[in-house]
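> Next comes the structure file start-v7.txt, holding compact mmCIF, C-alpha atoms.
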# COMPACT_ATOMS: atom_id res chain seq x y z
CA MET A 1 -24.41 -12.60 -17.36
CA THR A 2 -26.16 -14.10 -14.34
CA PRO A 3 -23.93 -15.22 -11.46
CA PRO A 4 -24.40 -18.57 -9.74
CA ALA A 5 -26.39 -18.59 -6.51
CA GLY A 6 -24.24 -17.86 -3.50
CA SER A 7 -21.70 -15.85 -5.46
CA PHE A 8 -19.70 -12.82 -4.44
CA ALA A 9 -20.71 -9.44 -5.88
CA VAL A 10 -18.78 -6.23 -6.44
CA LEU A 11 -21.21 -3.29 -6.25
CA THR A 12 -20.25 0.00 -7.91
CA VAL A 13 -22.07 3.31 -7.80
CA ALA A 14 -21.15 6.17 -10.10
CA ARG A 15 -22.31 9.58 -11.19
CA ASP A 16 -20.59 11.77 -13.78
CA ASP A 17 -17.29 9.93 -13.29
CA LEU A 18 -16.73 7.86 -16.40
CA ALA A 19 -12.96 8.00 -15.96
CA GLY A 20 -13.30 6.64 -12.43
CA LEU A 21 -15.72 3.94 -13.54
CA THR A 22 -13.38 2.74 -16.27
CA ALA A 23 -10.49 2.64 -13.75
CA THR A 24 -12.60 0.44 -11.51
CA ARG A 25 -13.54 -1.74 -14.46
CA ASP A 26 -9.88 -2.14 -15.47
CA SER A 27 -9.04 -3.27 -11.94
CA LEU A 28 -11.79 -5.88 -12.04
CA ARG A 29 -10.84 -7.09 -15.51
CA ALA A 30 -7.26 -7.60 -14.28
CA GLN A 31 -8.31 -10.05 -11.54
CA SER A 32 -6.90 -13.57 -11.72
CA TRP A 33 -10.32 -14.92 -10.65
CA GLN A 34 -13.37 -13.68 -12.55
CA GLY A 35 -16.15 -15.59 -10.78
CA PHE A 36 -17.66 -12.54 -9.10
CA ALA A 37 -20.72 -10.57 -10.26
CA TRP A 38 -20.20 -6.90 -11.12
CA ILE A 39 -23.25 -4.74 -10.43
CA VAL A 40 -23.31 -1.06 -11.39
CA ALA A 41 -25.83 1.61 -10.37
CA ASP A 42 -25.28 4.93 -12.13
CA GLY A 43 -27.00 8.01 -10.78
CA GLY A 44 -28.24 9.36 -14.10
CA SER A 45 -24.88 10.65 -15.32
CA ALA A 46 -24.66 13.22 -18.12
CA ASP A 47 -21.08 12.41 -19.14
CA GLY A 48 -21.68 9.38 -21.35
CA THR A 49 -21.61 6.82 -18.56
CA ALA A 50 -24.96 5.30 -19.53
CA ASP A 51 -23.80 4.81 -23.12
CA TRP A 52 -20.56 3.24 -21.88
CA LEU A 53 -22.49 0.87 -19.61
CA ARG A 54 -24.77 -0.11 -22.46
CA ALA A 55 -21.78 -0.86 -24.67
CA HIS A 56 -20.14 -2.99 -21.95
CA ALA A 57 -23.30 -4.62 -20.60
CA GLY A 58 -21.88 -8.09 -21.19
CA GLU A 59 -19.30 -7.50 -18.46
CA MET A 60 -21.93 -6.84 -15.79
CA ALA A 61 -24.47 -9.03 -14.05
CA TRP A 62 -26.77 -6.00 -13.75
CA TRP A 63 -26.67 -2.26 -14.41
CA ARG A 64 -29.03 0.69 -14.36
CA SER A 65 -28.71 4.41 -14.97
CA ALA A 66 -31.32 6.56 -13.22
CA PRO A 67 -31.35 9.63 -10.97
CA ASP A 68 -30.47 8.86 -7.36
CA SER A 69 -33.40 8.72 -4.95
CA GLY A 70 -33.66 9.92 -1.37
CA PRO A 71 -33.80 13.40 0.15
CA HIS A 72 -30.15 14.15 -0.64
CA GLY A 73 -29.88 12.65 -4.12
CA GLY A 74 -26.61 11.06 -3.03
CA PRO A 75 -24.97 7.68 -3.63
CA TYR A 76 -26.94 5.66 -1.06
CA GLY A 77 -29.99 5.39 -3.29
CA GLY A 78 -27.75 3.80 -5.90
CA MET A 79 -26.24 1.51 -3.28
CA ASN A 80 -29.70 0.35 -2.29
CA ARG A 81 -30.56 -0.36 -5.92
CA ALA A 82 -27.34 -2.34 -6.27
CA LEU A 83 -28.08 -4.23 -3.04
CA ASP A 84 -31.55 -5.15 -4.25
CA ALA A 85 -30.09 -6.40 -7.54
CA ALA A 86 -27.42 -8.47 -5.76
CA ARG A 87 -29.98 -10.13 -3.53
CA ALA A 88 -32.30 -10.79 -6.47
CA LEU A 89 -29.40 -12.51 -8.25
CA GLY A 90 -28.75 -14.72 -5.23
CA CYS A 91 -25.45 -13.15 -4.19
CA ARG A 92 -24.57 -13.86 -0.55
CA HIS A 93 -21.68 -11.41 -0.10
CA ALA A 94 -20.94 -7.96 -1.47
CA LEU A 95 -18.10 -5.47 -1.62
CA PHE A 96 -18.83 -1.82 -2.46
CA LEU A 97 -16.15 -0.58 -4.85
CA ASN A 98 -17.22 2.85 -6.03
CA ALA A 99 -16.22 4.53 -9.28
CA GLY A 100 -12.53 5.35 -9.04
CA ASP A 101 -11.77 2.73 -6.40
CA ARG A 102 -9.73 -0.33 -7.30
CA LEU A 103 -8.95 -3.70 -5.79
CA ALA A 104 -5.55 -3.78 -4.12
CA GLY A 105 -3.98 -6.32 -6.46
CA ALA A 106 -4.63 -8.78 -9.24
CA ASP A 107 -5.27 -11.63 -6.78
CA THR A 108 -7.53 -9.67 -4.40
CA ALA A 109 -10.82 -11.11 -5.67
CA ALA A 110 -9.41 -14.64 -5.32
CA LEU A 111 -8.20 -13.88 -1.79
CA LEU A 112 -11.64 -12.55 -0.85
CA ARG A 113 -13.29 -15.63 -2.36
CA ASP A 114 -11.07 -17.84 -0.21
CA ALA A 115 -11.75 -15.75 2.92
CA ILE A 116 -15.49 -16.01 2.33
CA GLY A 117 -15.09 -19.76 1.99
CA ARG A 118 -13.39 -19.93 5.39
CA HIS A 119 -15.67 -17.44 7.16
CA GLY A 120 -18.89 -17.62 5.18
CA ASP A 121 -21.10 -17.32 8.26
CA ALA A 122 -19.59 -14.00 9.35
CA ALA A 123 -21.79 -10.96 8.88
CA LEU A 124 -18.78 -8.80 7.99
CA LEU A 125 -15.23 -9.33 6.77
CA TYR A 126 -12.83 -6.41 6.53
CA GLY A 127 -9.22 -5.63 5.73
CA ASP A 128 -6.77 -2.81 5.22
CA ALA A 129 -7.04 -0.12 2.57
CA LEU A 130 -4.44 1.46 0.34
CA GLU A 131 -4.76 5.20 -0.08
CA ARG A 132 -3.28 7.47 -2.73
CA LEU A 133 -2.00 10.69 -1.16
CA GLY A 134 -1.77 14.10 -2.79
CA ASP A 135 1.80 13.50 -3.97
CA GLY A 136 0.75 10.28 -5.73
CA CYS A 137 2.36 8.01 -3.18
CA ILE A 138 0.24 4.98 -2.24
CA LEU A 139 0.42 3.92 1.41
CA SER A 140 -1.25 1.20 3.43
CA LYS A 141 -3.87 2.35 5.95
CA PRO A 142 -4.34 -0.46 8.50
CA ALA A 143 -7.85 -1.22 9.69
CA ARG A 144 -8.65 -0.72 13.34
CA SER A 145 -10.51 -3.42 15.24
CA HIS A 146 -14.27 -3.60 14.67
CA ARG A 147 -14.54 -3.56 18.46
CA ARG A 148 -13.76 0.15 18.19
CA ALA A 149 -16.69 0.83 15.87
CA ALA A 150 -18.14 3.24 18.44
CA LEU A 151 -15.32 5.62 17.47
CA GLY A 152 -16.32 5.67 13.80
CA MET A 153 -15.55 3.68 10.67
CA PHE A 154 -12.66 1.34 11.46
CA THR A 155 -11.60 0.92 7.83
CA HIS A 156 -12.74 2.27 4.50
CA HIS A 157 -16.19 1.16 3.41
CA GLN A 158 -14.55 -0.19 0.26
CA ALA A 159 -12.52 -2.63 2.38
CA MET A 160 -15.59 -4.31 3.92
CA ILE A 161 -17.39 -7.42 2.65
CA TYR A 162 -20.97 -7.73 3.86
CA ARG A 163 -23.05 -10.87 4.05
CA LEU A 164 -26.39 -10.16 2.39
CA ASP A 165 -28.58 -13.09 3.41
CA THR A 166 -28.62 -12.70 7.20
CA PRO A 167 -32.05 -12.22 8.82
CA GLY A 168 -33.20 -8.64 8.73
CA SER A 169 -30.46 -7.56 6.31
CA PRO A 170 -30.84 -3.77 6.15
CA ARG A 171 -30.61 -1.21 3.41
CA PHE A 172 -28.84 2.13 3.57
CA ASP A 173 -30.73 4.81 5.48
CA GLU A 174 -31.09 7.54 2.88
CA ARG A 175 -31.87 10.16 5.50
CA PHE A 176 -28.09 10.41 5.91
CA ALA A 177 -26.13 12.08 3.11
CA ILE A 178 -22.63 11.14 4.34
CA ALA A 179 -22.68 8.50 7.09
CA ALA A 180 -25.29 5.97 5.97
CA ASP A 181 -22.44 3.50 5.42
CA TYR A 182 -21.57 3.83 9.12
CA ALA A 183 -25.12 2.97 10.18
CA PHE A 184 -25.13 0.09 7.67
CA THR A 185 -21.89 -1.26 9.16
CA LEU A 186 -23.11 -0.99 12.76
CA ALA A 187 -26.23 -2.91 11.74
CA ALA A 188 -24.05 -5.62 10.20
CA LEU A 189 -22.10 -5.94 13.45
CA GLU A 190 -25.38 -6.39 15.32
CA ARG A 191 -26.33 -9.31 13.06
CA GLY A 192 -23.27 -11.50 13.50
CA ALA A 193 -19.54 -11.96 13.84
CA ALA A 194 -16.90 -9.83 12.13
CA VAL A 195 -13.57 -11.18 10.86
CA ARG A 196 -10.42 -9.13 10.35
CA LEU A 197 -8.54 -10.13 7.19
CA SER A 198 -4.77 -9.83 6.98
CA VAL A 199 -4.74 -8.43 3.42
CA PRO A 200 -5.40 -5.02 1.86
CA VAL A 201 -8.70 -4.98 -0.03
CA CYS A 202 -8.93 -1.73 -1.97
CA VAL A 203 -7.10 1.27 -3.32
CA PHE A 204 -9.30 4.10 -2.11
CA ALA A 205 -9.97 7.00 -4.48
CA PRO A 206 -9.64 10.23 -2.45
CA GLY A 207 -11.98 13.18 -2.63
CA GLY A 208 -15.24 11.43 -1.76
CA LEU A 209 -18.22 12.84 0.11
CA SER A 210 -16.89 11.92 3.55
CA GLN A 211 -13.71 13.92 2.91
CA ARG A 212 -15.41 16.89 1.24
CA ASN A 213 -18.08 17.18 3.95
CA ALA A 214 -16.28 15.92 7.03
CA ALA A 215 -18.16 18.14 9.49
CA GLN A 216 -21.56 16.93 8.29
CA GLY A 217 -20.27 13.36 8.43
CA ARG A 218 -19.28 13.81 12.07
CA ARG A 219 -22.72 15.21 12.92
CA GLU A 220 -24.45 12.29 11.21
CA GLN A 221 -22.22 9.73 12.92
CA SER A 222 -23.10 11.31 16.25
CA LEU A 223 -26.84 10.97 15.54
CA ILE A 224 -26.33 7.36 14.48
CA ARG A 225 -24.40 6.47 17.65
CA ARG A 226 -27.00 8.12 19.85
CA ASP A 227 -29.74 6.12 18.12
CA MET A 228 -27.99 2.76 17.66
CA LEU A 229 -25.51 2.70 20.56
CA GLY A 230 -27.35 4.81 23.13
CA HIS A 231 -24.61 7.41 23.53
CA GLY A 232 -25.41 10.53 25.52
CA ARG A 233 -24.66 14.12 24.57
CA ALA A 234 -21.50 14.39 26.72
CA HIS A 235 -20.06 11.20 25.28
CA GLU A 236 -20.75 12.36 21.75
CA SER A 237 -19.23 15.78 22.37
CA LEU A 238 -15.96 14.10 23.35
CA LEU A 239 -15.99 11.80 20.33
CA ARG A 240 -16.78 14.56 17.88
CA GLY A 241 -14.01 16.68 19.36
CA ALA A 242 -11.53 13.85 18.92
CA GLN A 243 -12.64 13.29 15.32
CA TRP A 244 -12.28 17.00 14.58
CA ALA A 245 -8.76 16.99 16.05
CA ILE A 246 -7.73 14.06 13.85
CA MET A 247 -9.12 15.68 10.70
CA THR A 248 -7.37 18.94 11.60
CA LEU A 249 -4.10 17.06 12.06
CA ARG A 250 -4.50 15.50 8.63
CA ARG A 251 -5.30 18.82 6.96
CA LEU A 252 -2.63 20.96 8.65
CA PHE A 253 0.10 18.41 9.25
CA PRO A 254 -0.28 15.72 6.59
CA LYS A 255 3.21 14.27 7.09
CA ALA A 256 2.64 13.82 10.82
CA TYR A 257 -0.73 12.21 10.14
CA ALA A 258 0.80 9.88 7.54
CA THR A 259 3.53 8.81 9.96
CA TRP A 260 0.89 7.97 12.57
CA ARG A 261 -1.78 6.35 10.41
CA PHE A 262 -0.08 4.85 7.34
CA ARG A 263 2.46 2.14 6.66
CA GLN A 264 5.02 1.86 3.90
CA PRO A 265 5.52 0.53 1.37
CA ALA A 266 2.21 -0.32 -0.30
CA THR A 267 3.50 -0.88 -3.82
CA LEU A 268 4.06 -4.60 -3.28
CA PHE A 269 0.28 -5.12 -3.10
CA LEU A 270 -0.43 -3.54 -6.47
CA SER A 271 -0.68 -5.29 -9.79
Would you write out, as C-alpha cells, the structure that this file holds?

Amino acid sequence: MTPPAGSFAVLTVARDDLAGLTATRDSLRAQSWQGFAWIVADGGSADGTADWLRAHAGEMAWWRSAPDSGPHGGPYGGMNRALDAARALGCRHALFLNAGDRLAGADTAALLRDAIGRHGDAALLYGDALERLGDGCILSKPARSHRRAALGMFTHHQAMIYRLDTPGSPRFDERFAIAADYAFTLAALERGAAVRLSVPVCVFAPGGLSQRNAAQGRREQSLIRRDMLGHGRAHESLLRGAQWAIMTLRRLFPKAYATWRFRQPATLFLS
C-alpha cells in the first residue's frame, strides 16, 4: 500500500528477531487509527524474517531484506534505507519503532497524529517511554527536556518523532555503531523547534546495542559532542564520568535506579 503524501511513518529495522518483529506488528495492528505507513528494513535475517515479510507485504508500505551496510554492519544502514523509502513515499514525519518495541497503547498512533497536526512545523516531537524491567514489571521512564541534550539522549529513540522534510534533513552517520541516533537527534534540534508531548510513546524492548555496549556508546557520544557541540576534553571527561556512574548505579543497584528514574504505575497506558 502507498500512503498519502504528508503521512506519518513507523520505521522498523530488524535482524534475526522474527519474534520481536511480530510483536511490533501486533502492536501496530492493534492501533485504533491505521492511517500510518509501516516501513520495514530487515538486515538480511536468516531466521525466516524475509519469508514472513513477503507473506505480510500487504501490511507494509515498503519493505526490503538485505545485509546492513556501513563499516559496522549495524542497524543504522537499515534505518537509512527506511528513511530513504519514507521520503520517497512522501512521508513528512517518522517514528523509529525497532523489532521488539511496541507503541504504548492502542490509541498512541492517533495521539501522535493529533500532536503532529498541532505541531507539524516542529523538527522533533518526543514523549515518555515505558520500559520492561528484568522482573517483567513495566514502568514509565519520563523524558528529560531536550534542552539537556548535551548530557545525552533525553528519551528513548523510539519515543521521538522526526520531521523528514526540513532543509538539509540528515541521514544516520554509519561511522558510529551505537550512538548514530544521538548525532541524528542533535542534528534535528539544530534544524528547528522541539516539542515535549505529555504522553508515553513506546514500550522499549530491553537488551539493545546501547545497553549491551554502553562503554562504546559513551565514547561515541563524546566524539559527537566534541564535533557538533564544541565540547573540550575536560568537559567530556566529566560527562562521561557521570554517565558511567549512572550506568553503574543501574547495574549494581537496580531498585535505587528505578526509584530515581521511573514512575509507577505504567499499566494504565497499555492496551
> Between A:Leu139, A:Ser69, A:Arg118, A:His231, which residue has the minimum interatomic distance to Thr259 of chain A, considering all atoms listed in the file?
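Distance minimum relative to Thr259 of chain A lands on A:Leu139.
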> Within 12 Å of segment 4-26 of chain A, which residues of segment 70-144 of chain A come that close, and what is the closest atom pair and distance in Å for each? Count all atoms listed in the file and give it as a Markdown table.

| residue | atom | partner | partner_atom | distance |
| --- | --- | --- | --- | --- |
| A:Gly73 | CA | A:Arg15 | CA | 10.8 |
| A:Gly74 | CA | A:Arg15 | CA | 9.3 |
| A:Pro75 | CA | A:Val13 | CA | 6.7 |
| A:Tyr76 | CA | A:Val13 | CA | 8.6 |
| A:Gly77 | CA | A:Val13 | CA | 9.3 |
| A:Gly78 | CA | A:Val13 | CA | 6.0 |
| A:Met79 | CA | A:Val13 | CA | 6.4 |
| A:Asn80 | CA | A:Val13 | CA | 9.9 |
| A:Arg81 | CA | A:Val13 | CA | 9.4 |
| A:Ala82 | CA | A:Leu11 | CA | 6.2 |
| A:Leu83 | CA | A:Leu11 | CA | 7.6 |
| A:Asp84 | CA | A:Leu11 | CA | 10.7 |
| A:Ala85 | CA | A:Leu11 | CA | 9.5 |
| A:Ala86 | CA | A:Ala9 | CA | 6.8 |
| A:Arg87 | CA | A:Ala9 | CA | 9.6 |
| A:Ala88 | CA | A:Ala5 | CA | 9.8 |
| A:Leu89 | CA | A:Ala5 | CA | 7.0 |
| A:Gly90 | CA | A:Ala5 | CA | 4.7 |
| A:Cys91 | CA | A:Ser7 | CA | 4.8 |
| A:Arg92 | CA | A:Gly6 | CA | 5.0 |
| A:His93 | CA | A:Phe8 | CA | 5.0 |
| A:Ala94 | CA | A:Ala9 | CA | 4.7 |
| A:Leu95 | CA | A:Val10 | CA | 4.9 |
| A:Phe96 | CA | A:Leu11 | CA | 4.7 |
| A:Leu97 | CA | A:Thr12 | CA | 5.1 |
| A:Asn98 | CA | A:Thr12 | CA | 4.6 |
| A:Ala99 | CA | A:Leu21 | CA | 4.3 |
| A:Gly100 | CA | A:Gly20 | CA | 3.7 |
| A:Asp101 | CA | A:Thr24 | CA | 5.7 |
| A:Arg102 | CA | A:Thr24 | CA | 5.2 |
| A:Leu103 | CA | A:Thr24 | CA | 7.9 |
| A:Ala104 | CA | A:Thr24 | CA | 11.1 |
| A:Gly105 | CA | A:Asp26 | CA | 11.6 |
| A:Ala106 | CA | A:Asp26 | CA | 10.5 |
| A:Thr108 | CA | A:Val10 | CA | 11.9 |
| A:Ala109 | CA | A:Phe8 | CA | 9.1 |
| A:Ala110 | CA | A:Phe8 | CA | 10.5 |
| A:Leu111 | CA | A:Phe8 | CA | 11.8 |
| A:Leu112 | CA | A:Phe8 | CA | 8.8 |
| A:Arg113 | CA | A:Phe8 | CA | 7.3 |
| A:Asp114 | CA | A:Phe8 | CA | 10.8 |
| A:Ala115 | CA | A:Phe8 | CA | 11.2 |
| A:Ile116 | CA | A:Phe8 | CA | 8.6 |
| A:Gly117 | CA | A:Phe8 | CA | 10.5 |
| A:Gly120 | CA | A:Gly6 | CA | 10.2 |
> Can you list, as a PyMOL selection string, every protein, DNA or RNA residue that comes within 6 Å of Gly43 of chain A when you count only C-alpha atoms, leaving out same-chain residues fewer than 2 positions away?
chain A and resi 15+45+65-68
> Can you tell me how far atom CA of Tyr182 of chain A sits from atom CA of Val203 of chain A, in Å to one decimal?
19.3 Å
> Which protein, DNA or RNA residues have an atom at most 12 Å from (-30.5, -14.1, 5.2), counting only C-alpha atoms? List them as a ChimeraX atom specification.
/A:6,87,90-93,121-123,162-170,188,191-192
> For the atom pair atom CA of Ala143 of chain A and atom CA of Asp128 of chain A, what is the interatomic distance in Å to one decimal place?
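These two atoms are separated by 4.9 Å.
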> Just give me the gap between atom CA of Ala129 of chain A and atom CA of Ala37 of chain A in Å, one decimal is fine.
21.5 Å
> If we count all atoms listed in the file, what is near Glu131 of chain A at a cut-off of 10 Å, once residues fewer than 5 positions away on the same chain are taken out, given as a compact mmCIF listing (two decimals) with C-alpha atoms, in the coordinates of the input?

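The result, written out as result05.txt:
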# COMPACT_ATOMS: atom_id res chain seq x y z
CA ASP A 101 -11.77 2.73 -6.40
CA ALA A 104 -5.55 -3.78 -4.12
CA GLY A 136 0.75 10.28 -5.73
CA CYS A 137 2.36 8.01 -3.18
CA ILE A 138 0.24 4.98 -2.24
CA LEU A 139 0.42 3.92 1.41
CA SER A 140 -1.25 1.20 3.43
CA LYS A 141 -3.87 2.35 5.95
CA HIS A 156 -12.74 2.27 4.50
CA CYS A 202 -8.93 -1.73 -1.97
CA VAL A 203 -7.10 1.27 -3.32
CA PHE A 204 -9.30 4.10 -2.11
CA ALA A 205 -9.97 7.00 -4.48
CA PRO A 206 -9.64 10.23 -2.45
CA PHE A 262 -0.08 4.85 7.34
CA ALA A 266 2.21 -0.32 -0.30
> Point out the residue among A:Leu186, A:Leu124, A:Leu133, A:Ala256 with the least atom-to-atom distance to Gln221 of chain A, counting all atoms listed in the file.
A:Leu186
> Taking all atoms of segment 101-110 of chain A that the file lists and extending 5 Å past them on each side, where is the centre of the axis-aligned box and how long are its edges? Answer in Å to one decimal, as JSON.

{"center_x": -7.9, "center_y": -6.0, "center_z": -6.7, "size_x": 17.8, "size_y": 27.4, "size_z": 15.1}
